[in-house]
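Asks: So that you have it, the file is structure_36.cif, and it contains mmCIF, C-alpha atoms and all ligand atoms:
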```cif
data_target
loop_
_atom_site.label_atom_id
_atom_site.label_comp_id
_atom_site.auth_asym_id
_atom_site.auth_seq_id
_atom_site.Cartn_x
_atom_site.Cartn_y
_atom_site.Cartn_z
CA MET A 4 29.23 -14.09 5.86
CA GLN A 5 26.29 -16.48 6.18
CA PRO A 6 24.61 -16.69 2.79
CA VAL A 7 20.88 -17.21 2.91
CA SER A 8 19.22 -19.72 0.65
CA ARG A 9 16.82 -18.45 -1.98
CA ARG A 10 13.99 -20.19 -0.25
CA GLN A 11 14.83 -18.54 3.09
CA TRP A 12 15.08 -15.13 1.46
CA LEU A 13 11.81 -15.36 -0.38
CA ARG A 14 10.06 -16.73 2.62
CA THR A 15 11.17 -13.66 4.56
CA THR A 16 10.14 -11.32 1.77
CA GLY A 17 6.73 -12.98 1.77
CA LEU A 18 6.83 -13.89 -1.89
CA GLY A 19 6.37 -17.61 -1.42
CA LEU A 20 7.85 -20.57 -3.15
CA GLY A 21 6.17 -20.01 -6.51
CA ALA A 22 8.02 -16.76 -6.89
CA THR A 23 11.37 -18.20 -5.82
CA VAL A 24 12.04 -19.93 -9.07
CA ALA A 25 10.41 -17.37 -11.31
CA LEU A 26 12.02 -14.23 -9.84
CA PRO A 27 15.74 -14.73 -9.15
CA GLY A 28 16.22 -10.96 -9.39
CA LEU A 29 14.78 -10.60 -5.90
CA LEU A 30 17.58 -12.63 -4.32
CA PRO A 31 20.74 -11.50 -2.53
CA ALA A 32 23.65 -11.14 -4.98
CA SER A 33 25.36 -14.40 -4.05
CA ASP A 34 22.19 -16.45 -4.47
CA MET A 35 21.18 -14.61 -7.62
CA ALA A 36 24.53 -15.41 -9.20
CA ARG A 37 24.00 -19.11 -8.41
CA ALA A 38 20.40 -19.01 -9.66
CA LEU A 39 21.50 -17.39 -12.92
CA GLY A 40 24.20 -19.96 -13.56
CA GLY A 41 27.24 -18.51 -11.81
CA ASP A 42 28.95 -16.59 -14.60
CA VAL A 43 26.96 -13.39 -14.44
CA SER A 44 28.07 -9.75 -14.09
CA TYR A 45 26.62 -7.42 -11.45
CA ASP A 46 25.13 -5.28 -14.25
CA ASP A 47 23.28 -8.34 -15.52
CA MET A 48 22.03 -9.01 -12.01
CA LEU A 49 20.73 -5.46 -11.72
CA ALA A 50 18.95 -5.81 -15.07
CA GLN A 51 17.38 -9.06 -13.83
CA MET A 52 16.40 -7.29 -10.63
CA GLU A 53 14.70 -4.51 -12.58
CA ARG A 54 12.52 -6.99 -14.48
CA ASP A 55 11.71 -9.11 -11.45
CA VAL A 56 11.02 -6.25 -9.04
CA THR A 57 8.60 -4.72 -11.54
CA GLU A 58 6.84 -8.08 -11.83
CA ALA A 59 6.74 -8.64 -8.04
CA ARG A 60 5.37 -5.13 -7.42
CA ARG A 61 2.69 -5.59 -10.07
CA VAL A 62 1.56 -8.85 -8.47
CA ALA A 63 1.71 -7.39 -4.91
CA GLY A 64 -0.08 -4.17 -6.04
CA PRO A 65 -1.16 -1.43 -5.67
CA ILE A 66 1.97 0.31 -6.94
CA ARG A 67 3.21 2.70 -4.24
CA LEU A 68 4.07 6.07 -5.77
CA CYS A 69 3.15 7.85 -2.54
CA PHE A 70 6.05 7.82 -0.06
CA ASN A 71 9.16 8.57 -2.14
CA GLU A 72 10.51 5.06 -1.67
CA ASN A 73 13.04 3.37 -3.92
CA PRO A 74 10.93 0.92 -5.98
CA PHE A 75 13.86 -1.50 -6.29
CA GLY A 76 14.43 -1.72 -2.55
CA MET A 77 17.88 -2.55 -1.29
CA SER A 78 20.77 -3.57 -3.50
CA PRO A 79 21.50 -7.29 -3.99
CA LYS A 80 24.80 -6.78 -2.13
CA ALA A 81 22.96 -5.11 0.76
CA LYS A 82 20.73 -8.20 0.93
CA ASP A 83 23.85 -10.32 1.31
CA ALA A 84 25.15 -7.99 4.03
CA LEU A 85 21.83 -7.96 5.84
CA MET A 86 22.43 -11.57 6.72
CA GLU A 87 25.70 -10.63 8.44
CA GLY A 88 23.47 -9.04 11.05
CA TRP A 89 22.76 -12.57 12.27
CA ALA A 90 26.27 -12.78 13.65
CA GLN A 91 25.82 -9.68 15.81
CA HIS A 92 22.11 -9.56 16.46
CA THR A 93 22.31 -10.71 20.06
CA TRP A 94 25.02 -8.21 21.01
CA TYR A 95 24.87 -4.79 22.59
CA GLN A 96 27.45 -2.46 21.01
CA PRO A 97 27.76 -4.46 17.77
CA PRO A 98 30.96 -3.45 15.93
CA ILE A 99 28.95 -2.48 12.84
CA ARG A 100 27.90 0.69 14.69
CA GLU A 101 31.43 2.03 14.55
CA THR A 102 32.07 0.58 11.09
CA ILE A 103 29.15 2.39 9.49
CA ARG A 104 30.05 5.64 11.20
CA GLU A 105 33.46 5.42 9.56
CA THR A 106 32.05 4.32 6.19
CA PHE A 107 29.62 7.23 6.12
CA ALA A 108 32.24 9.71 7.33
CA LYS A 109 34.48 8.66 4.45
CA HIS A 110 31.52 8.82 2.04
CA VAL A 111 30.88 12.50 2.85
CA GLY A 112 34.52 13.46 3.55
CA VAL A 113 34.48 14.27 7.27
CA PRO A 114 36.21 12.76 10.34
CA ALA A 115 34.13 10.05 12.06
CA ASP A 116 33.62 12.24 15.16
CA HIS A 117 31.49 14.54 12.96
CA VAL A 118 28.90 11.78 12.37
CA LEU A 119 25.95 10.53 14.41
CA VAL A 120 24.16 7.42 13.12
CA THR A 121 20.43 7.47 13.91
CA GLN A 122 17.19 5.54 13.43
CA GLY A 123 16.35 7.16 10.11
CA SER A 124 16.98 10.84 9.50
CA SER A 125 13.64 11.64 11.17
CA GLU A 126 15.44 10.92 14.41
CA VAL A 127 18.01 13.61 13.61
CA LEU A 128 15.11 16.05 13.46
CA SER A 129 13.43 14.87 16.66
CA ILE A 130 16.61 14.94 18.72
CA LEU A 131 17.51 18.36 17.33
CA ALA A 132 14.12 19.65 18.41
CA MET A 133 14.62 18.18 21.87
CA ALA A 134 18.22 19.35 22.19
CA TYR A 135 17.48 22.94 21.23
CA SER A 136 13.84 23.74 21.92
CA LEU A 137 12.74 21.68 24.92
CA ASP A 138 12.36 24.95 26.80
CA GLY A 139 10.30 26.63 24.08
CA GLY A 140 11.69 29.36 21.91
CA GLU A 141 11.16 29.71 18.17
CA ILE A 142 11.78 27.58 15.09
CA VAL A 143 11.92 28.96 11.56
CA ALA A 144 11.04 26.67 8.62
CA PRO A 145 9.82 27.02 5.05
CA TRP A 146 6.26 25.86 4.34
CA PRO A 147 5.27 23.41 3.03
CA THR A 148 8.25 21.23 3.76
CA PHE A 149 9.01 17.87 5.39
CA GLU A 150 6.88 18.13 8.48
CA ASP A 151 8.80 16.34 11.20
CA LEU A 152 10.81 19.23 12.64
CA PRO A 153 7.90 21.72 12.68
CA ARG A 154 5.70 18.99 14.18
CA TRP A 155 8.23 18.33 16.94
CA GLY A 156 8.43 22.06 17.54
CA ASP A 157 4.65 22.14 18.04
CA THR A 158 4.80 19.13 20.36
CA LEU A 159 7.47 20.82 22.48
CA ARG A 160 5.44 24.05 22.49
CA ALA A 161 8.00 26.04 20.58
CA THR A 162 6.64 28.78 18.34
CA VAL A 163 7.07 27.55 14.78
CA HIS A 164 7.31 30.22 12.09
CA LYS A 165 6.21 28.52 8.87
CA VAL A 166 7.43 30.83 6.14
CA PRO A 167 5.45 30.30 2.88
CA LEU A 168 7.43 29.27 -0.19
CA ASP A 169 7.94 31.93 -2.85
CA ALA A 170 6.19 32.03 -6.24
CA GLU A 171 8.82 29.69 -7.73
CA LEU A 172 8.15 27.14 -4.94
CA GLY A 173 11.53 27.97 -3.38
CA HIS A 174 12.47 28.87 0.19
CA ASP A 175 11.65 32.57 0.64
CA LEU A 176 15.04 33.46 2.08
CA ASP A 177 14.27 37.14 2.64
CA ARG A 178 11.24 36.34 4.72
CA MET A 179 13.06 33.53 6.50
CA THR A 180 15.88 35.96 7.33
CA ASP A 181 13.33 38.38 8.77
CA ALA A 182 11.82 35.56 10.86
CA VAL A 183 15.15 34.67 12.53
CA GLY A 184 15.43 36.63 15.77
CA ARG A 185 16.70 36.72 19.31
CA ARG A 186 14.44 33.85 20.44
CA THR A 187 15.18 31.56 17.46
CA LYS A 188 16.42 28.16 18.63
CA LEU A 189 16.56 26.31 15.31
CA VAL A 190 16.34 27.08 11.60
CA PHE A 191 15.27 24.36 9.15
CA VAL A 192 15.97 24.18 5.43
CA CYS A 193 15.25 21.24 3.15
CA ASN A 194 17.22 20.97 -0.06
CA PRO A 195 15.86 19.64 -2.36
CA ASN A 196 12.58 20.34 -0.64
CA ASN A 197 9.81 17.82 0.00
CA PRO A 198 7.03 18.05 -1.27
CA THR A 199 8.13 20.45 -4.01
CA SER A 200 11.17 18.48 -5.32
CA ASN A 201 13.17 21.52 -6.43
CA LEU A 202 16.67 22.61 -5.51
CA ALA A 203 17.43 26.02 -4.03
CA ASN A 204 19.90 28.39 -5.69
CA ASP A 205 23.16 27.13 -4.22
CA SER A 206 24.93 30.40 -3.43
CA GLU A 207 21.79 32.08 -2.07
CA LEU A 208 20.93 29.18 0.23
CA ARG A 209 24.56 28.85 1.33
CA ALA A 210 24.72 32.57 2.23
CA PHE A 211 21.45 32.29 4.15
CA VAL A 212 22.58 29.17 6.07
CA SER A 213 25.93 30.72 7.03
CA SER A 214 24.38 33.96 8.17
CA ALA A 215 21.50 32.31 10.10
CA ALA A 216 23.98 29.90 11.72
CA ARG A 217 25.63 32.86 13.43
CA ARG A 218 22.37 33.31 15.35
CA ALA A 219 21.01 29.76 15.79
CA PRO A 220 21.77 26.18 14.75
CA VAL A 221 20.68 25.51 11.16
CA ILE A 222 19.57 22.06 10.06
CA VAL A 223 19.99 21.31 6.36
CA ASP A 224 17.85 18.29 5.45
CA GLU A 225 19.54 16.59 2.49
CA ALA A 226 17.37 13.45 2.38
CA TYR A 227 17.22 13.68 -1.43
CA TYR A 228 20.81 14.77 -2.03
CA ASP A 229 21.63 11.43 -3.71
CA PHE A 230 19.17 12.11 -6.55
CA VAL A 231 20.45 15.58 -7.46
CA ASP A 232 22.12 15.73 -10.85
CA ALA A 233 22.29 19.52 -11.27
CA PRO A 234 25.88 20.22 -12.39
CA GLY A 235 28.12 21.57 -9.64
CA HIS A 236 25.64 20.96 -6.83
CA LYS A 237 27.40 20.64 -3.49
CA SER A 238 26.27 19.42 -0.10
CA MET A 239 26.40 21.89 2.81
CA VAL A 240 28.75 19.51 4.63
CA ASP A 241 31.61 21.92 3.88
CA LEU A 242 29.97 24.50 6.16
CA VAL A 243 30.13 21.93 8.98
CA LEU A 244 33.84 21.47 8.30
CA LYS A 245 34.32 25.24 8.51
CA GLY A 246 33.07 24.99 12.10
CA GLU A 247 29.71 26.64 11.47
CA GLN A 248 26.68 25.86 13.60
CA VAL A 249 25.18 23.71 10.83
CA ILE A 250 23.80 20.17 11.02
CA VAL A 251 23.33 18.22 7.76
CA SER A 252 20.98 15.23 7.78
CA ARG A 253 21.11 12.34 5.31
CA THR A 254 19.27 9.05 5.06
CA ALA A 255 19.63 5.45 3.92
CA SER A 256 15.86 5.38 3.25
CA LYS A 257 15.77 6.91 -0.22
CA LEU A 258 18.44 6.01 -2.79
CA TYR A 259 19.50 2.96 -0.77
CA GLY A 260 15.94 1.68 -0.45
CA LEU A 261 16.14 0.97 3.29
CA ALA A 262 13.23 3.02 4.65
CA GLY A 263 11.88 0.14 6.75
CA LEU A 264 15.29 -0.59 8.26
CA ARG A 265 15.65 2.92 9.75
CA CYS A 266 19.12 4.30 9.29
CA GLY A 267 20.00 7.99 9.02
CA PHE A 268 22.93 10.28 9.66
CA ALA A 269 23.70 13.69 11.13
CA VAL A 270 26.89 15.51 10.14
CA ALA A 271 27.90 18.24 12.57
CA ARG A 272 30.75 19.62 14.66
CA PRO A 273 31.89 17.11 17.33
CA ASP A 274 30.53 19.31 20.16
CA ILE A 275 27.11 19.34 18.47
CA VAL A 276 27.27 15.57 17.85
CA ALA A 277 28.02 15.10 21.57
CA LYS A 278 25.05 17.30 22.52
CA LEU A 279 22.70 15.43 20.17
CA GLN A 280 23.94 12.10 21.49
CA GLN A 281 22.46 12.97 24.89
CA TYR A 282 18.95 13.00 23.43
CA VAL A 283 19.12 9.78 21.42
CA THR A 284 16.41 7.44 22.67
CA GLY A 285 17.55 4.14 21.13
CA ASP A 286 20.01 2.53 18.76
CA PRO A 287 19.56 1.73 15.07
CA ASN A 288 19.08 -2.02 14.57
CA VAL A 289 21.97 -4.18 13.53
CA PHE A 290 20.36 -5.49 10.32
CA GLY A 291 19.73 -2.01 9.02
CA LEU A 292 23.29 -0.97 9.83
CA HIS A 293 24.76 -3.91 7.92
CA ALA A 294 22.54 -3.26 4.92
CA ALA A 295 23.24 0.49 4.96
CA ASN A 296 26.98 -0.04 5.27
CA ALA A 297 26.98 -2.30 2.20
CA ALA A 298 24.69 0.11 0.32
CA LEU A 299 27.09 3.00 0.93
CA LEU A 300 29.87 0.96 -0.68
CA ASP A 301 27.77 -0.37 -3.58
CA THR A 302 28.36 2.40 -6.10
CA ALA A 303 27.18 0.24 -9.03
CA TYR A 304 23.77 -0.12 -7.42
CA GLN A 305 23.68 3.60 -6.56
CA GLN A 306 24.34 4.50 -10.20
CA PHE A 307 21.73 1.99 -11.35
CA ALA A 308 19.07 3.41 -9.00
CA GLN A 309 19.96 7.00 -9.94
CA GLN A 310 19.76 6.19 -13.65
CA LYS A 311 16.40 4.40 -13.33
CA ASN A 312 15.05 7.29 -11.29
CA ARG A 313 16.24 9.72 -13.95
CA GLU A 314 14.49 7.69 -16.68
CA GLY A 315 11.17 7.59 -14.82
CA ARG A 316 11.40 11.24 -13.77
CA THR A 317 12.19 12.42 -17.30
CA LEU A 318 9.29 10.42 -18.71
CA LEU A 319 6.87 11.95 -16.21
CA LEU A 320 8.19 15.51 -16.58
CA ASP A 321 8.17 15.29 -20.39
CA THR A 322 4.60 14.00 -20.38
CA LEU A 323 3.44 16.78 -18.05
CA ASN A 324 5.18 19.31 -20.24
CA ARG A 325 3.42 17.92 -23.34
CA LEU A 326 0.11 18.10 -21.47
CA GLY A 327 0.80 21.75 -20.62
CA ARG A 328 1.00 21.17 -16.85
CA ARG A 329 3.29 23.17 -14.63
CA ALA A 330 5.73 20.98 -12.70
CA ALA A 331 8.56 21.91 -10.37
CA PRO A 332 12.01 21.08 -11.80
CA SER A 333 12.51 17.89 -9.81
CA GLN A 334 15.91 16.95 -8.44
CA THR A 335 14.49 14.12 -6.33
CA ASN A 336 12.76 10.77 -6.70
CA PHE A 337 9.34 12.42 -7.00
CA VAL A 338 7.60 15.04 -9.11
CA PHE A 339 5.28 17.82 -7.91
CA PHE A 340 2.86 19.14 -10.51
CA HIS A 341 -0.25 21.24 -10.93
CA ALA A 342 -3.18 18.84 -11.22
CA GLY A 343 -5.71 21.65 -11.60
CA LYS A 344 -8.21 19.85 -9.37
CA PRO A 345 -8.31 18.66 -5.75
CA VAL A 346 -5.62 16.04 -5.47
CA GLU A 347 -8.04 13.68 -3.70
CA GLN A 348 -9.83 13.29 -7.06
CA LEU A 349 -6.58 12.30 -8.74
CA GLN A 350 -5.76 9.93 -5.87
CA ARG A 351 -9.13 8.20 -6.34
CA TYR A 352 -8.66 7.93 -10.12
CA PHE A 353 -5.27 6.30 -9.74
CA THR A 354 -6.21 4.08 -6.79
CA GLU A 355 -8.97 2.56 -8.93
CA ARG A 356 -6.28 1.78 -11.51
CA GLY A 357 -3.72 0.29 -9.14
CA PHE A 358 -1.50 3.28 -8.23
CA LEU A 359 -1.17 5.13 -4.92
CA ILE A 360 0.00 8.76 -5.21
CA GLY A 361 0.92 11.38 -2.60
CA ARG A 362 -1.50 13.09 -0.23
CA PRO A 363 -2.52 16.76 -0.47
CA PHE A 364 0.05 19.30 0.71
CA PRO A 365 -1.95 22.42 1.61
CA PRO A 366 -1.96 25.15 0.53
CA PHE A 367 -1.03 23.35 -2.73
CA SER A 368 -4.21 21.31 -2.60
CA ASP A 369 -4.53 21.09 -6.39
CA TRP A 370 -0.93 19.94 -6.86
CA ALA A 371 0.04 16.27 -6.89
CA ARG A 372 3.20 14.59 -5.60
CA VAL A 373 4.06 11.41 -7.45
CA SER A 374 7.05 9.26 -6.49
CA ILE A 375 9.09 7.67 -9.25
CA GLY A 376 8.52 3.94 -9.70
CA THR A 377 10.33 1.59 -12.06
CA PRO A 378 10.51 2.81 -15.69
CA ALA A 379 7.87 0.25 -16.72
CA GLU A 380 5.53 1.48 -13.97
CA MET A 381 6.09 5.09 -14.99
CA GLN A 382 5.18 4.22 -18.59
CA GLN A 383 1.87 2.78 -17.38
CA PHE A 384 1.38 5.81 -15.15
CA VAL A 385 1.92 8.40 -17.89
CA ASP A 386 -0.39 6.45 -20.21
CA LEU A 387 -3.15 7.02 -17.63
CA LEU A 388 -2.28 10.67 -17.01
CA PRO A 389 -4.24 12.41 -19.82
CA GLY A 390 -7.41 10.56 -18.73
CA ALA A 391 -6.74 11.37 -15.08
CA LEU A 392 -6.27 15.08 -15.70
CA SER A 393 -9.30 15.44 -17.95
CA ALA A 394 -11.66 13.21 -15.89
C1 LIG A 401 12.91 15.69 3.40
C2 LIG A 401 12.83 14.46 4.24
N1 LIG A 401 13.60 14.39 5.32
C3 LIG A 401 13.57 13.30 6.11
C4 LIG A 401 12.75 12.23 5.82
C5 LIG A 401 12.74 11.08 6.77
O1 LIG A 401 13.30 9.98 6.25
P1 LIG A 401 13.91 8.82 7.16
O2 LIG A 401 13.50 9.05 8.58
O3 LIG A 401 13.33 7.58 6.60
O4 LIG A 401 15.38 8.93 6.99
C6 LIG A 401 11.93 12.26 4.69
C7 LIG A 401 11.05 11.13 4.37
O5 LIG A 401 10.25 11.13 3.48
C8 LIG A 401 11.97 13.41 3.87
O6 LIG A 401 11.20 13.53 2.79
#
```
Using C-alpha cells, write down the structure from this file.
Ligand SMILES: Cc1ncc(COP(=O)(O)O)c(C=O)c1O

Replies:
Amino acid sequence: MQPVSRRQWLRTTGLGLGATVALPGLLPASDMARALGGDVSYDDMLAQMERDVTEARRVAGPIRLCFNENPFGMSPKAKDALMEGWAQHTWYQPPIRETIRETFAKHVGVPADHVLVTQGSSEVLSILAMAYSLDGGEIVAPWPTFEDLPRWGDTLRATVHKVPLDAELGHDLDRMTDAVGRRTKLVFVCNPNNPTSNLANDSELRAFVSSAARRAPVIVDEAYYDFVDAPGHKSMVDLVLKGEQVIVSRTASKLYGLAGLRCGFAVARPDIVAKLQQYVTGDPNVFGLHAANAALLDTAYQQFAQQKNREGRTLLLDTLNRLGRRAAPSQTNFVFFHAGKPVEQLQRYFTERGFLIGRPFPPFSDWARVSIGTPAEMQQFVDLLPGALSA
C-alpha cells in the first residue's frame, strides 16, 4: 500500500493546508494514527473523525441533508485503500474487480457468480430496464419510490404502472398484484422505500415478491438495507438462492459513504447475471472499487456510522413526535414527515439557515424528506424545527 501524506490527502479533499493541522480526523487511518501520536485505537480515530467532519462540513456549508448521503463520508480505512488504486489505475481488468465481487458475495452469503458489480446501484436499474423492456411491455412499481427504474421504463417507452402507496405509506401489494399481467416485463419494489423511509411487512412483501417472480423478474432495491435495525429483518437474497427470478440491488453509496465513487451490486441467479452483463455500458472505476472493498470489511466503521445515524434519526423522530407531526417509522438514513405546508417553504426556511433538505415528492407535496447528518448537525436542525413549522 502507498500511504498518502496528510498534505496530499487534504489537498485532494480541497480543505487546504490550514485544515490539515487542525482536522486530523479527515485523514486516512494510517496518517491519522501518526497525526494523533501513534498509539491510538480505531474507536478514538472514529471519535476524532466525528468531531472534525462536523467542523469541516460547517465551514464548507450549507449542510447537505438532501440526498441521503453519509455525512461522515468514507471510513478512514477506505481512505487508505483508495490509494491502492494508484497501483492499478492504468490497467484494464484490474484484479480488484474480482476481489470485490468475492468480498461482496461473502458479505451477503452467495457464490461469487451470483454477483454483478456496477457503477452505483442506479446502473443495476438501468441495465435491468434495458435487458427486460427494450422492446416495450409493462413495468409495475409503487409510487412514489426511487425514480430511476420507472424513468428508464418511460425512456424505453414501456408502460409504467405507478401504483400509489397505501394509507400507511407502504407498497399497496393488492393493487400491485392486480397490476402484474401477461405483458409485465419487470416488477420493482424498494425496501425500505425512498422517499418514505419505512420498511414493508416482511412476510407480506416476501409472498408478493415470490408470487410476482413466477410471472416476471422482480427487482428488490435494498439501497438502505444497511440502516435497518428492525429485529429479525432479512434481505430478499435468500429468494435469489432459492432460484427465484429475483434481483436484489445494494449500494456502496449510503452506509459506506461512497456515492461519488459509484459502486453498486446486483445479486441474482448466474443466468440473470450473465444476461445483465450484456447490457453493462462501462466498468466501475478502480478507486471506488478499492474503497468499497475496504468499506465492506470495515465493520467497526459500519457500526459507528449505523450508531450515529440511529442517534440523529431518533433525535429527529422524537422531536417531530413532541411537535405532534406525523412521521413515517424510518429504517433508513432519512426521515419523511408531514410538514403541513408546501415543502418548498420549508426548504427556503432551512436554506436561509444553512441546511439543504429534500425536494418535494408529489403527491406528498406537504411532506419533507430530511437526511440524517452528524448528531451535532441534527441537534442544530431540531432546534430550528419548531420555528420552521410555525413560520
Ligand atoms: C432507493 C435507492 N436506490 C438506488 C439509489 C441509487 O444509488 P447509487 O446509484 O448511488 O447506488 C438511491 C439513491 O438515492 C436510492 O435512494

Asks: For ligand LIG 401 (chain A), list the contacting residues at 6 Å or closer, counting only C-alpha atoms and all ligand atoms, as a ChimeraX atom specification.

Replies: /A:123-125,149,197,224,226,254,256,262,267

Asks: Grab the residues selected above and save them as a PDB file, in the frame of the given file with C-alpha atoms.

Replies:
```
ATOM      1  CA  GLY A 123      16.350   7.160  10.110  1.00  0.00           C
ATOM      2  CA  SER A 124      16.980  10.840   9.500  1.00  0.00           C
ATOM      3  CA  SER A 125      13.640  11.640  11.170  1.00  0.00           C
ATOM      4  CA  PHE A 149       9.010  17.870   5.390  1.00  0.00           C
ATOM      5  CA  ASN A 197       9.810  17.820   0.000  1.00  0.00           C
ATOM      6  CA  ASP A 224      17.850  18.290   5.450  1.00  0.00           C
ATOM      7  CA  ALA A 226      17.370  13.450   2.380  1.00  0.00           C
ATOM      8  CA  THR A 254      19.270   9.050   5.060  1.00  0.00           C
ATOM      9  CA  SER A 256      15.860   5.380   3.250  1.00  0.00           C
ATOM     10  CA  ALA A 262      13.230   3.020   4.650  1.00  0.00           C
ATOM     11  CA  GLY A 267      20.000   7.990   9.020  1.00  0.00           C
TER      12      GLY A 267
END
```

Asks: Considering only C-alpha atoms, state which residue in the set A:His110, A:Arg217, A:Arg313, A:Arg372 is at the smallest distance from Val231 in chain A.

Replies: A:Arg313

Asks: Determine, counting all atoms listed in the file, which protein, DNA and RNA residues have an atom within 12 Å of an atom of Asp286 in chain A; residues of the same chain fewer than 3 positions away are not included. Present the result as a ChimeraX atom specification.

Replies: /A:95-97,99-100,119-123,126,264-267,280,282-283,289-292

Asks: Which residues are close to range 327-336 of chain A, i.e. within 8 Å by all atoms listed in the file, leaving aside same-chain residues fewer than 3 positions away? Reply as number ranges by chain.

Replies: A: 71-73, 172, 195, 199-202, 227-228, 230-233, 312, 316, 320, 323-324, 339-342, 374-375

Asks: Let me make sure I understand: among A:Val373, A:Met239, A:Leu168, A:Leu159, which one has the smallest atom-to-atom distance to Leu137 in chain A if we use only C-alpha atoms?

Replies: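 Nearest to Leu137 in chain A: A:Leu159.
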
Asks: Is it possible to get the axis-aligned box enclosing range 329-334 of chain A (all listed atoms, 4 Å extra per side) as AutoDock Vina command-line options, with centre and edge lengths in Å rounded to one decimal?

Replies:
```
--center_x 9.6 --center_y 20.1 --center_z -11.5 --size_x 20.6 --size_y 14.2 --size_z 14.2
```

Asks: Name the residues in contact with range 30-41 of chain A at a cut-off of 6 Å, using all atoms listed in the file, excluding same-chain residues fewer than 2 positions from it; report them as a list in words.

Replies: Pro27, Gly28, Val43, Pro79, Lys80, Lys82 and Asp83 of chain A

Asks: Write range 53-69 of chain A as a PDB file, in the coordinates of the input, completed to N, CA and C atoms.

Replies:
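Output below, filename part_18.pdb:
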```pdb
ATOM      1  N   GLU A  53      15.684  -5.474 -12.088  1.00  0.00           N
ATOM      2  CA  GLU A  53      14.700  -4.510 -12.580  1.00  0.00           C
ATOM      3  C   GLU A  53      13.454  -5.227 -13.107  1.00  0.00           C
ATOM      4  N   ARG A  54      13.662  -6.261 -13.920  1.00  0.00           N
ATOM      5  CA  ARG A  54      12.520  -6.990 -14.480  1.00  0.00           C
ATOM      6  C   ARG A  54      11.701  -7.654 -13.370  1.00  0.00           C
ATOM      7  N   ASP A  55      12.422  -8.301 -12.447  1.00  0.00           N
ATOM      8  CA  ASP A  55      11.710  -9.110 -11.450  1.00  0.00           C
ATOM      9  C   ASP A  55      11.026  -8.247 -10.390  1.00  0.00           C
ATOM     10  N   VAL A  56      11.663  -7.141 -10.024  1.00  0.00           N
ATOM     11  CA  VAL A  56      11.020  -6.250  -9.040  1.00  0.00           C
ATOM     12  C   VAL A  56       9.745  -5.683  -9.638  1.00  0.00           C
ATOM     13  N   THR A  57       9.796  -5.281 -10.898  1.00  0.00           N
ATOM     14  CA  THR A  57       8.600  -4.720 -11.540  1.00  0.00           C
ATOM     15  C   THR A  57       7.473  -5.759 -11.518  1.00  0.00           C
ATOM     16  N   GLU A  58       7.839  -7.007 -11.820  1.00  0.00           N
ATOM     17  CA  GLU A  58       6.840  -8.080 -11.830  1.00  0.00           C
ATOM     18  C   GLU A  58       6.275  -8.305 -10.412  1.00  0.00           C
ATOM     19  N   ALA A  59       7.179  -8.375  -9.428  1.00  0.00           N
ATOM     20  CA  ALA A  59       6.740  -8.640  -8.040  1.00  0.00           C
ATOM     21  C   ALA A  59       5.839  -7.513  -7.544  1.00  0.00           C
ATOM     22  N   ARG A  60       6.181  -6.271  -7.879  1.00  0.00           N
ATOM     23  CA  ARG A  60       5.370  -5.130  -7.420  1.00  0.00           C
ATOM     24  C   ARG A  60       3.999  -5.139  -8.092  1.00  0.00           C
ATOM     25  N   ARG A  61       3.975  -5.558  -9.365  1.00  0.00           N
ATOM     26  CA  ARG A  61       2.690  -5.590 -10.070  1.00  0.00           C
ATOM     27  C   ARG A  61       1.774  -6.625  -9.415  1.00  0.00           C
ATOM     28  N   VAL A  62       2.357  -7.784  -9.081  1.00  0.00           N
ATOM     29  CA  VAL A  62       1.560  -8.850  -8.470  1.00  0.00           C
ATOM     30  C   VAL A  62       1.110  -8.414  -7.065  1.00  0.00           C
ATOM     31  N   ALA A  63       2.042  -7.785  -6.293  1.00  0.00           N
ATOM     32  CA  ALA A  63       1.710  -7.390  -4.910  1.00  0.00           C
ATOM     33  C   ALA A  63       0.698  -6.259  -4.904  1.00  0.00           C
ATOM     34  N   GLY A  64       0.787  -5.324  -5.864  1.00  0.00           N
ATOM     35  CA  GLY A  64      -0.080  -4.170  -6.040  1.00  0.00           C
ATOM     36  C   GLY A  64      -0.772  -3.676  -4.773  1.00  0.00           C
ATOM     37  N   PRO A  65      -1.326  -2.480  -4.677  1.00  0.00           N
ATOM     38  CA  PRO A  65      -1.160  -1.430  -5.670  1.00  0.00           C
ATOM     39  C   PRO A  65       0.271  -0.885  -5.684  1.00  0.00           C
ATOM     40  N   ILE A  66       0.616  -0.235  -6.794  1.00  0.00           N
ATOM     41  CA  ILE A  66       1.970   0.310  -6.940  1.00  0.00           C
ATOM     42  C   ILE A  66       2.078   1.584  -6.094  1.00  0.00           C
ATOM     43  N   ARG A  67       3.071   1.589  -5.199  1.00  0.00           N
ATOM     44  CA  ARG A  67       3.210   2.700  -4.240  1.00  0.00           C
ATOM     45  C   ARG A  67       4.034   3.835  -4.845  1.00  0.00           C
ATOM     46  N   LEU A  68       3.357   4.873  -5.300  1.00  0.00           N
ATOM     47  CA  LEU A  68       4.070   6.070  -5.770  1.00  0.00           C
ATOM     48  C   LEU A  68       3.729   7.213  -4.810  1.00  0.00           C
ATOM     49  N   CYS A  69       3.685   6.886  -3.513  1.00  0.00           N
ATOM     50  CA  CYS A  69       3.150   7.850  -2.540  1.00  0.00           C
ATOM     51  C   CYS A  69       4.127   8.254  -1.447  1.00  0.00           C
TER      52      CYS A  69
END
```
